[in-house]
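Trainee: Pasting work-v6.cif here (mmCIF, C-alpha atoms and all ligand atoms):
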data_entry
loop_
_atom_site.label_atom_id
_atom_site.label_comp_id
_atom_site.auth_asym_id
_atom_site.auth_seq_id
_atom_site.Cartn_x
_atom_site.Cartn_y
_atom_site.Cartn_z
CA MET C 11 98.69 79.08 118.61
CA LYS C 12 100.22 81.53 116.17
CA ALA C 13 98.06 84.12 114.38
CA GLY C 14 99.12 86.64 111.79
CA ILE C 15 99.48 87.57 108.14
CA ASP C 16 98.95 84.64 105.78
CA LYS C 17 98.83 86.64 102.54
CA ILE C 18 99.18 90.29 101.47
CA GLY C 19 97.55 91.86 98.41
CA PHE C 20 98.00 95.36 97.06
CA TYR C 21 96.39 97.55 94.43
CA ALA C 22 97.01 101.10 93.20
CA PRO C 23 95.20 102.88 90.36
CA HIS C 24 96.78 102.64 86.90
CA LEU C 25 97.47 106.38 86.59
CA TYR C 26 100.21 108.44 88.20
CA VAL C 27 101.78 111.90 88.16
CA ASP C 28 105.53 112.40 88.23
CA MET C 29 106.50 114.43 91.30
CA THR C 30 109.26 116.35 89.49
CA LYS C 31 106.72 117.57 86.95
CA LEU C 32 104.21 118.39 89.69
CA ALA C 33 106.89 120.42 91.51
CA GLU C 34 107.81 122.33 88.33
CA SER C 35 104.18 123.18 87.68
CA ARG C 36 103.87 124.52 91.26
CA ASN C 37 107.12 126.53 90.98
CA VAL C 38 108.73 124.39 93.65
CA ASP C 39 112.27 122.99 93.50
CA PRO C 40 111.72 119.29 92.53
CA ASP C 41 114.26 118.28 95.19
CA LYS C 42 111.77 119.38 97.82
CA PHE C 43 109.30 116.73 96.67
CA THR C 44 111.75 113.97 95.75
CA ILE C 45 114.30 114.47 98.57
CA GLY C 46 112.72 116.76 101.19
CA ILE C 47 109.44 114.82 101.18
CA GLY C 48 110.77 111.70 99.49
CA GLN C 49 108.12 110.97 96.85
CA GLU C 50 108.67 110.16 93.17
CA LYS C 51 105.26 109.25 91.75
CA MET C 52 101.75 109.87 93.01
CA ALA C 53 98.94 107.46 92.15
CA VAL C 54 95.85 109.19 90.75
CA PRO C 55 92.49 107.41 91.02
CA PRO C 56 90.14 107.72 88.03
CA MET C 57 86.41 108.14 88.73
CA THR C 58 86.00 104.40 88.33
CA GLN C 59 88.05 103.72 91.50
CA ASP C 60 87.00 104.47 95.06
CA ALA C 61 87.92 103.03 98.46
CA VAL C 62 85.66 100.00 97.81
CA THR C 63 87.07 99.09 94.40
CA LEU C 64 90.70 99.70 95.43
CA ALA C 65 90.25 97.30 98.36
CA ALA C 66 88.43 94.69 96.30
CA ASN C 67 91.16 94.84 93.63
CA ALA C 68 93.83 94.42 96.34
CA ALA C 69 92.10 91.33 97.73
CA VAL C 70 90.91 89.63 94.56
CA ASP C 71 94.32 88.26 93.53
CA ILE C 72 95.22 86.68 96.85
CA LEU C 73 92.05 84.77 97.69
CA GLU C 74 91.54 81.14 96.72
CA ASP C 75 88.13 79.45 97.00
CA SER C 76 89.16 77.86 100.31
CA ASP C 77 89.98 81.35 101.70
CA LYS C 78 86.62 82.72 100.54
CA GLU C 79 84.87 79.90 102.42
CA ALA C 80 86.96 80.35 105.58
CA ILE C 81 86.67 84.16 105.82
CA ASP C 82 83.94 84.92 108.35
CA PHE C 83 84.99 88.48 109.20
CA VAL C 84 85.78 91.38 106.85
CA ILE C 85 87.21 94.47 108.54
CA PHE C 86 87.59 97.52 106.34
CA GLY C 87 89.84 100.29 107.67
CA THR C 88 89.29 103.54 105.83
CA GLU C 89 88.92 107.27 106.34
CA THR C 90 87.60 107.86 102.81
CA GLY C 91 84.66 105.46 102.80
CA VAL C 92 81.76 105.96 100.41
CA ASP C 93 78.80 105.90 102.80
CA SER C 94 78.21 107.19 106.31
CA SER C 95 76.00 104.21 107.20
CA LYS C 96 76.70 101.14 105.08
CA SER C 97 80.17 99.72 105.54
CA ALA C 98 82.53 99.46 102.58
CA ALA C 99 83.19 95.89 103.78
CA VAL C 100 79.70 94.77 102.72
CA TYR C 101 80.32 95.86 99.11
CA VAL C 102 83.69 94.10 99.05
CA HIS C 103 82.17 90.97 100.58
CA GLU C 104 79.73 90.78 97.65
CA LEU C 105 82.22 91.74 94.94
CA LEU C 106 84.59 88.96 96.04
CA GLY C 107 81.87 86.35 96.53
CA LEU C 108 82.75 85.60 100.16
CA ASN C 109 81.00 83.16 102.49
CA PRO C 110 77.67 84.81 103.48
CA TYR C 111 78.07 83.63 107.08
CA ALA C 112 80.44 86.48 107.83
CA ARG C 113 80.62 89.79 109.69
CA ALA C 114 81.48 92.83 107.58
CA ILE C 115 82.30 96.15 109.23
CA GLU C 116 84.13 99.43 108.65
CA VAL C 117 86.62 100.80 111.18
CA LYS C 118 87.70 104.44 111.38
CA GLN C 119 90.55 106.21 113.16
CA ALA C 120 92.40 108.06 110.39
CA CYS C 121 95.40 106.04 109.16
CA TYR C 122 95.22 103.68 112.16
CA GLY C 123 92.01 101.84 111.10
CA ALA C 124 93.63 98.80 109.46
CA THR C 125 95.88 98.28 112.50
CA ALA C 126 92.82 98.20 114.74
CA GLY C 127 91.39 95.70 112.24
CA ILE C 128 94.46 93.47 112.47
CA GLN C 129 94.36 93.42 116.27
CA MET C 130 90.62 92.60 116.22
CA ALA C 131 91.30 89.90 113.64
CA LYS C 132 94.02 88.37 115.83
CA ALA C 133 91.61 88.17 118.79
CA HIS C 134 88.94 86.64 116.54
CA ILE C 135 91.36 83.98 115.30
CA ALA C 136 92.34 83.16 118.89
CA MET C 137 88.67 82.33 119.59
CA ASN C 138 87.99 80.76 116.17
CA PRO C 139 91.19 79.09 114.93
CA ASP C 140 89.62 77.64 111.77
CA SER C 141 88.34 80.95 110.48
CA LYS C 142 90.18 83.61 108.48
CA VAL C 143 89.74 87.37 108.59
CA LEU C 144 90.13 89.73 105.64
CA VAL C 145 91.51 93.08 106.81
CA LEU C 146 91.48 95.91 104.27
CA GLY C 147 93.17 99.31 104.40
CA SER C 148 91.99 101.44 101.50
CA ASP C 149 91.98 105.18 100.89
CA ILE C 150 92.26 108.09 98.52
CA ALA C 151 94.38 110.85 100.07
CA ARG C 152 93.12 114.29 99.00
CA TYR C 153 94.31 117.64 100.31
CA GLY C 154 93.59 119.86 97.31
CA LEU C 155 95.38 121.30 94.30
CA SER C 156 98.32 123.60 95.11
CA THR C 157 98.02 123.00 98.86
CA PRO C 158 101.03 122.10 101.08
CA GLY C 159 99.55 118.60 101.42
CA GLU C 160 99.25 118.08 97.67
CA ALA C 161 102.66 116.40 97.39
CA THR C 162 101.55 113.84 99.98
CA GLN C 163 98.41 112.63 98.20
CA GLY C 164 98.01 109.15 96.70
CA ALA C 165 95.55 106.26 96.40
CA GLY C 166 95.64 102.53 96.94
CA ALA C 167 94.76 99.60 99.14
CA VAL C 168 96.31 96.70 100.97
CA ALA C 169 94.48 93.46 101.77
CA LEU C 170 95.71 91.21 104.58
CA LEU C 171 94.48 87.69 105.13
CA ILE C 172 94.80 86.98 108.86
CA SER C 173 94.76 83.35 109.97
CA ALA C 174 96.11 80.81 112.43
CA ASP C 175 99.48 79.33 111.45
CA PRO C 176 100.16 82.23 109.07
CA ARG C 177 102.63 81.64 106.28
CA VAL C 178 104.15 85.15 106.06
CA MET C 179 104.32 86.71 109.53
CA ALA C 180 103.14 85.69 113.01
CA LEU C 181 102.06 88.64 115.14
CA GLU C 182 103.54 88.78 118.62
CA ASP C 183 101.26 89.48 121.58
CA GLU C 184 103.05 92.46 123.11
CA SER C 185 102.12 95.84 121.71
CA VAL C 186 101.86 99.36 123.04
CA TYR C 187 99.12 101.76 121.99
CA PHE C 188 98.45 105.37 122.91
CA THR C 189 95.60 107.86 122.36
CA ALA C 190 95.41 111.66 122.77
CA ASP C 191 92.90 114.17 121.38
CA ILE C 192 94.88 116.27 118.89
CA MET C 193 93.70 118.34 115.91
CA ASP C 194 96.62 117.60 113.60
CA PHE C 195 94.56 116.24 110.70
CA TRP C 196 90.81 115.85 110.24
CA ARG C 197 88.09 115.81 107.60
CA PRO C 198 84.68 117.19 108.58
CA VAL C 199 81.75 115.26 107.05
CA TYR C 200 81.01 118.14 104.66
CA SER C 201 84.46 118.12 103.07
CA ASP C 202 85.91 115.78 100.44
CA LYS C 203 89.39 117.09 101.24
CA ALA C 204 91.36 116.65 104.44
CA PHE C 205 92.42 119.54 106.66
CA ALA C 206 95.89 119.26 108.13
CA ASP C 207 98.14 121.22 110.43
CA GLY C 208 101.16 119.77 108.69
CA LYS C 209 103.80 120.83 111.20
CA LEU C 210 101.70 119.66 114.16
CA SER C 211 101.00 116.30 112.50
CA ASN C 212 104.72 115.75 111.94
CA GLU C 213 105.50 116.68 115.54
CA GLN C 214 102.79 114.42 116.93
CA TYR C 215 103.82 111.51 114.72
CA MET C 216 107.32 111.75 116.18
CA ALA C 217 106.05 112.24 119.74
CA PHE C 218 103.72 109.22 119.48
CA PHE C 219 106.52 107.08 118.08
CA SER C 220 108.77 108.06 120.96
CA ARG C 221 106.07 107.29 123.56
CA VAL C 222 105.10 103.86 122.26
CA TRP C 223 108.70 102.83 121.53
CA GLU C 224 109.92 103.78 125.01
CA GLN C 225 106.99 101.99 126.65
CA TYR C 226 107.47 98.95 124.39
CA LYS C 227 111.06 98.57 125.57
CA VAL C 228 109.96 98.78 129.22
CA LYS C 229 107.14 96.29 128.67
CA THR C 230 109.14 93.69 126.74
CA GLY C 231 112.78 94.19 127.71
CA LEU C 232 113.63 94.13 123.99
CA ALA C 233 116.07 96.57 122.38
CA LEU C 234 116.77 97.99 118.93
CA SER C 235 119.20 95.13 118.25
CA ASP C 236 116.29 92.64 118.44
CA PHE C 237 114.84 94.04 115.20
CA ALA C 238 115.72 93.11 111.64
CA ALA C 239 113.66 96.06 110.40
CA ILE C 240 111.15 98.65 111.54
CA CYS C 241 108.34 99.69 109.19
CA TYR C 242 106.52 102.96 109.62
CA HIS C 243 103.23 104.50 108.64
CA LEU C 244 104.42 106.58 105.70
CA PRO C 245 102.36 109.65 104.76
CA TYR C 246 105.57 110.39 102.84
CA THR C 247 108.81 108.46 102.99
CA LYS C 248 110.95 111.12 104.68
CA LEU C 249 108.81 111.07 107.84
CA GLY C 250 109.53 107.47 108.83
CA TYR C 251 113.23 108.15 108.29
CA LYS C 252 113.08 111.06 110.73
CA ALA C 253 111.41 108.85 113.34
CA LEU C 254 113.93 106.03 112.82
CA LYS C 255 116.81 108.48 113.16
CA THR C 256 115.68 109.40 116.69
CA VAL C 257 116.35 105.85 117.95
CA LEU C 258 119.25 104.75 115.78
CA GLU C 259 121.95 105.61 118.26
CA GLU C 260 120.50 103.00 120.63
CA GLY C 261 122.14 100.41 118.34
CA THR C 262 125.69 99.51 117.32
CA GLU C 263 127.00 100.60 113.94
CA GLU C 264 125.99 97.24 112.50
CA VAL C 265 122.42 97.54 113.85
CA GLN C 266 122.19 101.09 112.50
CA GLU C 267 123.32 100.00 109.04
CA ARG C 268 120.86 97.09 109.02
CA LEU C 269 117.91 99.24 110.05
CA LEU C 270 118.75 102.05 107.64
CA ALA C 271 119.15 99.60 104.74
CA SER C 272 115.87 97.86 105.53
CA TYR C 273 114.14 101.23 105.97
CA ASN C 274 115.21 102.27 102.46
CA VAL C 275 113.80 99.05 100.99
CA SER C 276 110.58 99.47 102.97
CA THR C 277 109.87 102.84 101.34
CA GLY C 278 110.19 101.71 97.70
CA TYR C 279 106.50 101.06 96.95
CA ASN C 280 105.28 104.06 98.97
CA ARG C 281 107.69 106.39 97.17
CA ASN C 282 105.96 105.43 93.92
CA VAL C 283 102.35 105.44 95.10
CA GLY C 284 102.06 108.24 97.64
CA ASN C 285 100.03 108.29 100.82
CA ILE C 286 97.34 105.62 101.00
CA TYR C 287 96.44 106.46 104.62
CA THR C 288 95.25 103.19 106.28
CA GLY C 289 97.27 100.97 103.96
CA SER C 290 100.54 102.94 104.09
CA LEU C 291 102.24 100.98 106.88
CA TYR C 292 101.31 97.68 105.23
CA LEU C 293 102.45 98.87 101.81
CA SER C 294 105.78 99.61 103.47
CA LEU C 295 105.87 96.12 105.01
CA LEU C 296 105.06 94.63 101.60
CA SER C 297 107.79 96.68 99.95
CA LEU C 298 110.29 95.41 102.51
CA LEU C 299 109.27 91.75 102.24
CA GLU C 300 109.15 91.74 98.44
CA GLN C 301 112.25 93.79 97.70
CA THR C 302 115.00 92.39 99.91
CA ASP C 303 116.78 89.07 100.20
CA LYS C 304 118.45 90.05 103.49
CA LEU C 305 115.63 88.87 105.75
CA VAL C 306 115.28 85.32 107.05
CA ALA C 307 112.65 83.29 108.88
CA GLY C 308 112.62 84.18 112.57
CA ASP C 309 113.46 87.82 111.97
CA ARG C 310 111.45 90.28 114.04
CA ILE C 311 109.86 93.24 112.21
CA GLY C 312 108.65 96.26 114.20
CA MET C 313 105.67 98.26 112.98
CA PHE C 314 104.68 101.79 113.95
CA SER C 315 101.10 102.71 113.14
CA TYR C 316 99.85 106.29 113.48
CA GLY C 317 96.39 107.69 112.83
CA SER C 318 96.06 111.42 113.27
CA GLY C 319 93.64 112.66 115.82
CA ALA C 320 95.42 110.59 117.27
CA VAL C 321 96.16 106.93 118.00
CA GLY C 322 99.59 105.30 117.72
CA GLU C 323 100.69 101.70 118.19
CA PHE C 324 103.97 99.81 118.09
CA PHE C 325 103.69 96.08 117.49
CA THR C 326 105.77 93.32 115.99
CA GLY C 327 105.76 90.19 113.86
CA ILE C 328 108.08 87.26 113.24
CA LEU C 329 108.77 86.10 109.68
CA GLN C 330 107.78 82.49 109.00
CA SER C 331 109.70 79.74 107.17
CA ASN C 332 109.71 80.22 103.39
CA TYR C 333 107.56 83.33 103.72
CA GLN C 334 108.90 84.48 100.33
CA ASP C 335 106.92 81.68 98.62
CA TYR C 336 103.63 83.25 99.73
CA LEU C 337 104.26 86.74 98.37
CA ASN C 338 103.00 88.03 95.01
CA ILE C 339 106.17 89.71 93.72
CA ASP C 340 105.51 89.14 89.99
CA ARG C 341 101.98 90.50 90.23
CA HIS C 342 103.14 93.65 91.99
CA THR C 343 106.07 94.21 89.62
CA GLU C 344 103.61 93.98 86.73
CA LEU C 345 101.20 96.35 88.48
CA PHE C 346 103.90 99.03 88.78
CA ALA C 347 105.21 98.42 85.24
CA SER C 348 101.80 98.68 83.59
CA ARG C 349 100.83 102.06 85.06
CA SER C 350 100.49 105.13 82.77
CA GLU C 351 101.83 108.58 83.45
CA ILE C 352 99.42 111.47 83.09
CA SER C 353 100.27 115.16 82.79
CA VAL C 354 99.66 117.65 85.59
CA PRO C 355 96.66 119.20 83.75
CA GLU C 356 95.19 115.71 83.24
CA TYR C 357 95.63 114.97 86.96
CA GLU C 358 94.00 118.30 87.84
CA ALA C 359 91.01 117.54 85.61
CA ILE C 360 90.56 114.09 87.23
CA PHE C 361 90.95 115.63 90.69
CA GLU C 362 88.10 118.08 90.04
CA GLU C 363 85.65 115.45 88.74
CA THR C 364 82.90 114.50 91.16
CA LEU C 365 79.95 112.14 91.24
CA PRO C 366 76.48 113.71 91.36
CA THR C 367 75.05 114.42 94.81
CA ASP C 368 71.50 115.20 93.59
CA GLY C 369 70.32 111.65 92.86
CA SER C 370 70.93 111.89 89.11
CA THR C 371 72.26 108.94 87.15
CA VAL C 372 75.80 108.67 85.84
CA LYS C 373 77.35 105.83 83.88
CA LEU C 374 81.14 105.57 83.90
CA ASP C 375 83.23 103.94 81.19
CA VAL C 376 84.78 100.97 82.99
CA GLU C 377 86.51 99.78 79.81
CA ILE C 378 89.13 102.54 80.03
CA ASP C 379 90.10 101.33 83.52
CA PRO C 380 92.15 98.11 83.39
CA ALA C 381 91.13 97.22 86.96
CA ARG C 382 89.04 94.12 87.36
CA ILE C 383 86.66 95.76 89.83
CA CYS C 384 85.31 99.21 89.05
CA LEU C 385 82.69 101.73 89.98
CA ALA C 386 80.33 101.66 86.96
CA GLY C 387 78.22 104.62 87.96
CA ILE C 388 75.62 105.90 90.32
CA ALA C 389 71.82 105.66 90.08
CA ASP C 390 69.14 106.52 92.65
CA ASP C 391 71.94 107.57 95.02
CA LYS C 392 73.31 104.00 94.90
CA ARG C 393 76.81 103.16 93.72
CA GLN C 394 76.91 100.59 90.92
CA TYR C 395 79.92 98.30 91.15
CA VAL C 396 81.12 95.76 88.65
CA ASN C 397 83.51 92.83 88.91
CA LYS C 398 84.40 92.35 85.23
CA VAL C 399 85.39 88.72 85.77
CA LYS C 400 82.81 87.49 88.26
CA SER C 401 80.22 89.81 86.67
CA VAL C 402 78.52 90.68 89.91
CA SER C 403 76.81 94.03 89.56
CA TYR C 404 74.11 95.59 91.61
N1 LIG C 501 115.71 120.32 98.48
C1 LIG C 501 115.66 119.36 99.43
N2 LIG C 501 114.82 119.42 100.51
C2 LIG C 501 114.00 120.49 100.60
C3 LIG C 501 113.99 121.50 99.64
C4 LIG C 501 114.91 121.41 98.53
N3 LIG C 501 114.97 122.33 97.59
N4 LIG C 501 113.07 122.42 100.01
C5 LIG C 501 112.52 121.99 101.17
N5 LIG C 501 113.07 120.81 101.52
C6 LIG C 501 112.76 119.98 102.70
C7 LIG C 501 112.56 120.78 103.95
O1 LIG C 501 113.78 121.11 104.57
C8 LIG C 501 111.73 119.81 104.76
O2 LIG C 501 112.55 118.82 105.31
P1 LIG C 501 112.62 118.62 106.89
O3 LIG C 501 111.20 118.33 107.30
O4 LIG C 501 113.54 117.46 107.06
O5 LIG C 501 113.11 119.90 107.45
C9 LIG C 501 110.86 119.10 103.70
O6 LIG C 501 111.51 119.35 102.46
C10 LIG C 501 109.44 119.63 103.64
O7 LIG C 501 109.53 121.02 103.55
P2 LIG C 501 108.50 121.95 104.32
O8 LIG C 501 108.85 123.36 104.06
O9 LIG C 501 108.38 121.51 105.75
O10 LIG C 501 107.18 121.54 103.51
P3 LIG C 501 105.73 122.08 103.62
O11 LIG C 501 105.59 123.20 104.60
O12 LIG C 501 105.31 122.34 102.22
O13 LIG C 501 104.89 120.83 104.24
C11 LIG C 501 104.09 118.71 104.87
C12 LIG C 501 105.24 119.47 104.22
C13 LIG C 501 104.42 117.24 104.96
C14 LIG C 501 103.86 119.24 106.28
C15 LIG C 501 102.83 118.90 104.00
O14 LIG C 501 103.02 118.23 102.80
C16 LIG C 501 101.55 118.41 104.66
O15 LIG C 501 100.89 119.15 105.37
N6 LIG C 501 101.13 117.15 104.38
C17 LIG C 501 99.91 116.60 104.89
C18 LIG C 501 99.99 116.16 106.35
C19 LIG C 501 100.91 115.00 106.57
O16 LIG C 501 101.25 114.26 105.67
N7 LIG C 501 101.28 114.79 107.84
C20 LIG C 501 102.14 113.69 108.23
C21 LIG C 501 101.80 113.08 109.54
S1 LIG C 501 100.32 112.10 109.49
#
Would you kindly transcribe this structure into structure tokens?

Mentor:
Amino acid sequence: MKAGIDKIGFYAPHLYVDMTKLAESRNVDPDKFTIGIGQEKMAVPPMTQDAVTLAANAAVDILEDSDKEAIDFVIFGTETGVDSSKSAAVYVHELLGLNPYARAIEVKQACYGATAGIQMAKAHIAMNPDSKVLVLGSDIARYGLSTPGEATQGAGAVALLISADPRVMALEDESVYFTADIMDFWRPVYSDKAFADGKLSNEQYMAFFSRVWEQYKVKTGLALSDFAAICYHLPYTKLGYKALKTVLEEGTEEVQERLLASYNVSTGYNRNVGNIYTGSLYLSLLSLLEQTDKLVAGDRIGMFSYGSGAVGEFFTGILQSNYQDYLNIDRHTELFASRSEISVPEYEAIFEETLPTDGSTVKLDVEIDPARICLAGIADDKRQYVNKVKSVSY
């Protein structure tokens, strides 16, 4: 039985900052951000969006009633969840009106969480072929104003519907995963901003890629030429390129050209959204699938997942017949086209806004956020969410 990705949804907040303007305001050469780091626009979440709403907005467009009935497991990968006890998956389950006979959990291992979710989902489908699993990767990347990490912030979510007989991509069984205790990036519970040893995190990303790739080849006997494309976790688009470059000479000139071309396509969405942590690899996959006509059914796509701290995994999927028919290209084109640019001072003001932590009540104006699902406020230390269409609020 095949199991894998049946549908992919994506959402990013409607506001963004232009990286050239951010660079100028930080007295940095804009080429450093646009070429050296490889980012053009950075999504900025208003107060009305958090990890829960971003994920719910990513999923809401892709689910039909039959999916909502069949989903019996919601796995929410995030490192910027809203509660240390209650899982973000429970909120999303309610906001989307899913079958109550479901499990709903949150998974954490930095940017690797959604990959763990996908592998758990695949095992669940193997045992329960009629069920479907909703895997979410949703985050708001925050390092702080004028920090080295600032240019690699972003916000957004990807929703993956995992099922038997998937229509987009069947996941193959062989994968290689690797764990080592490394302090390259972390966020203590008292901080709303991440701490990063940027150079170390880059080094470890490359080292983990090398380890899992080498082991994958030994385990499977496959080679670079067996891949139509390799997608990478992309904290910023230049990093995946550096990792790809380390293996390119294992292929002929033709293989190198193919992988470089597909890599460029796979960075398009990320370049315009920024880092979305858990969802970044899957945003890259979505960018590849939606923006090229060079792929065909049967093509093998490699995926490198990395979550600082650190866990890495290399795994693969095979594109299914007519997979293009099950993508949401128009919706995502419209999502990018309808975003609004904000100035650097406006972004800074939004960045500094916080919700109360003393139990006081706040009501947020959800009408100025075009998203269907928003955070409407906080009362009695409880987040108040609203689905403007389904009108579930609690
Ligand atoms: N034109 C073109 N490129 C330029 C440039 C210019 N004017 N100025 C600098 N660059 C290049 C640098 O050469 C470098 O490229 P290289 O890595 O290929 O050598 C790149 O831009 C970044 O410059 P660097 O000086 O290394 O940037 P930095 O010290 O400000 O830090 C990060 C960059 C990514 C380490 C930092 O943004 C960070 O800490 N981010 C958060 C952690 C993270 O994302 N880690 C990733 C792994 S999970």

Trainee: With all atoms listed in the file counted and 10 Å as the cut-off, give the residues of chain C in contact with ligand LIG 501 (chain C), each with its shortest interatomic distance in Å and the pair that gives it, as CSV.

Mentor:
residue,atom,partner,partner_atom,distance
C:Val38,CA,C:LIG501,N3,7.7
C:Asp39,CA,C:LIG501,N3,4.9
C:Pro40,CA,C:LIG501,N3,6.7
C:Asp41,CA,C:LIG501,N1,4.1
C:Lys42,CA,C:LIG501,C3,3.6
C:Phe43,CA,C:LIG501,O6,6.7
C:Thr44,CA,C:LIG501,C1,7.6
C:Ile45,CA,C:LIG501,C1,5.1
C:Gly46,CA,C:LIG501,O6,3.1
C:Ile47,CA,C:LIG501,O6,5.1
C:Gly48,CA,C:LIG501,O6,8.2
C:Ala120,CA,C:LIG501,S1,8.9
C:Cys121,CA,C:LIG501,S1,7.8
C:Ala151,CA,C:LIG501,C17,9.3
C:Arg152,CA,C:LIG501,C17,9.3
C:Tyr153,CA,C:LIG501,C17,7.3
C:Thr157,CA,C:LIG501,O14,8.0
C:Pro158,CA,C:LIG501,O12,4.4
C:Gly159,CA,C:LIG501,N6,3.7
C:Glu160,CA,C:LIG501,O14,6.4
C:Ala161,CA,C:LIG501,O14,5.7
C:Thr162,CA,C:LIG501,O14,5.4
C:Gln163,CA,C:LIG501,C17,7.9
C:Asp194,CA,C:LIG501,S1,7.8
C:Phe195,CA,C:LIG501,C18,7.0
C:Trp196,CA,C:LIG501,C18,10.0
C:Ala204,CA,C:LIG501,C17,8.6
C:Phe205,CA,C:LIG501,C17,8.2
C:Ala206,CA,C:LIG501,C18,5.4
C:Asp207,CA,C:LIG501,O15,6.1
C:Gly208,CA,C:LIG501,O15,3.4
C:Lys209,CA,C:LIG501,C14,5.2
C:Leu210,CA,C:LIG501,N7,8.0
C:Ser211,CA,C:LIG501,C21,4.4
C:Asn212,CA,C:LIG501,C21,4.6
C:Glu213,CA,C:LIG501,C21,7.9
C:Gln214,CA,C:LIG501,C21,7.6
C:Tyr215,CA,C:LIG501,C21,5.8
C:Met216,CA,C:LIG501,C21,8.7
C:His243,CA,C:LIG501,S1,8.2
C:Leu244,CA,C:LIG501,S1,7.9
C:Pro245,CA,C:LIG501,O16,4.8
C:Tyr246,CA,C:LIG501,O16,6.5
C:Thr247,CA,C:LIG501,O16,9.9
C:Lys248,CA,C:LIG501,O4,7.3
C:Leu249,CA,C:LIG501,C20,7.2
C:Gly250,CA,C:LIG501,C21,9.6
C:Tyr251,CA,C:LIG501,O4,9.4
C:Lys252,CA,C:LIG501,O4,7.4
C:Asn285,CA,C:LIG501,O16,7.8
C:Tyr287,CA,C:LIG501,S1,8.4
C:Tyr316,CA,C:LIG501,S1,7.1
C:Gly317,CA,C:LIG501,S1,6.8
C:Ser318,CA,C:LIG501,S1,5.7
C:Gly319,CA,C:LIG501,S1,9.2
C:Ala320,CA,C:LIG501,S1,9.3

Trainee: Place a sphere of radius 8 Å on (84.3, 85.9, 102.0) in the file coordinates and name every protein, DNA or RNA residue with an atom inside or on its surface, counting all atoms listed in the file; give the answer as a list in words.

Mentor: Asp77, Lys78, Glu79, Ala80, Ile81, Asp82, Phe83, Val84, His103, Glu104, Leu106, Gly107, Leu108, Asn109, Pro110, Ala112 and Leu144 of chain C

Trainee: Which segment 71-114 of chain C residues have any atom within 6 Å of an atom of segment 52-66 of chain C, and for each, what is the nearest pair of atoms with distance in Å to one decimal, counting only C-alpha atoms, rows sorted by chain and number, as a Markdown table?

Mentor:
| residue | atom | partner | partner_atom | distance |
| --- | --- | --- | --- | --- |
| C:Gly91 | CA | C:Ala61 | CA | 5.9 |
| C:Ala98 | CA | C:Val62 | CA | 5.7 |
| C:Val102 | CA | C:Ala66 | CA | 5.5 |

Trainee: If you keep C-alpha atoms, can you produce a file of those selected residues as an mmCIF file, keeping the file's coordinate frame?

Mentor:
data_model
loop_
_atom_site.group_PDB
_atom_site.id
_atom_site.type_symbol
_atom_site.label_atom_id
_atom_site.label_comp_id
_atom_site.auth_asym_id
_atom_site.auth_seq_id
_atom_site.Cartn_x
_atom_site.Cartn_y
_atom_site.Cartn_z
ATOM 1 C CA GLY C 91 84.660 105.460 102.800
ATOM 2 C CA ALA C 98 82.530 99.460 102.580
ATOM 3 C CA VAL C 102 83.690 94.100 99.050
#

Trainee: Give the answer as one residue: which of C:Asn274, C:Thr288, C:Gln334, C:Asn280 has the shortest atom-to-atom distance to Glu50 of chain C, using only C-alpha atoms?

Mentor: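 That would be C:Asn280, the residue with the smallest distance to Glu50 of chain C.
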
Trainee: With a distance cut-off of 12 Å and all atoms listed in the file, select the neighbouring residues of Gln266 of chain C, excluding the residue or stretch itself and same-chain residues fewer than 6 positions from it, and output the selection as a short mmCIF file (atom, residue, chain, number, x, y, z; two decimals) with C-alpha atoms, keeping the file's coordinate frame.

Mentor:
data_model
loop_
_atom_site.label_atom_id
_atom_site.label_comp_id
_atom_site.auth_asym_id
_atom_site.auth_seq_id
_atom_site.Cartn_x
_atom_site.Cartn_y
_atom_site.Cartn_z
CA LEU C 234 116.77 97.99 118.93
CA SER C 235 119.20 95.13 118.25
CA ASP C 236 116.29 92.64 118.44
CA PHE C 237 114.84 94.04 115.20
CA ALA C 238 115.72 93.11 111.64
CA ALA C 239 113.66 96.06 110.40
CA ILE C 240 111.15 98.65 111.54
CA LEU C 254 113.93 106.03 112.82
CA LYS C 255 116.81 108.48 113.16
CA THR C 256 115.68 109.40 116.69
CA VAL C 257 116.35 105.85 117.95
CA LEU C 258 119.25 104.75 115.78
CA GLU C 259 121.95 105.61 118.26
CA GLU C 260 120.50 103.00 120.63
CA SER C 272 115.87 97.86 105.53
CA TYR C 273 114.14 101.23 105.97
#

Trainee: Since the input is missing atoms for segment 186-190 of chain C, could you rebuild it with N, CA and C atoms and give the result as an mmCIF file, keeping the file's coordinate frame?

Mentor:
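The result, stored in out-v8.cif:
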data_model
loop_
_atom_site.group_PDB
_atom_site.id
_atom_site.type_symbol
_atom_site.label_atom_id
_atom_site.label_comp_id
_atom_site.auth_asym_id
_atom_site.auth_seq_id
_atom_site.Cartn_x
_atom_site.Cartn_y
_atom_site.Cartn_z
ATOM 1 N N VAL C 186 102.134 98.180 122.214
ATOM 2 C CA VAL C 186 101.860 99.360 123.040
ATOM 3 C C VAL C 186 101.070 100.342 122.181
ATOM 4 N N TYR C 187 99.971 100.828 122.740
ATOM 5 C CA TYR C 187 99.120 101.760 121.990
ATOM 6 C C TYR C 187 98.813 102.968 122.862
ATOM 7 N N PHE C 188 98.542 104.098 122.199
ATOM 8 C CA PHE C 188 98.450 105.370 122.910
ATOM 9 C C PHE C 188 97.461 106.284 122.182
ATOM 10 N N THR C 189 96.598 106.954 122.955
ATOM 11 C CA THR C 189 95.600 107.860 122.360
ATOM 12 C C THR C 189 95.674 109.232 123.022
ATOM 13 N N ALA C 190 95.563 110.296 122.229
ATOM 14 C CA ALA C 190 95.410 111.660 122.770
ATOM 15 C C ALA C 190 94.623 112.474 121.747
#
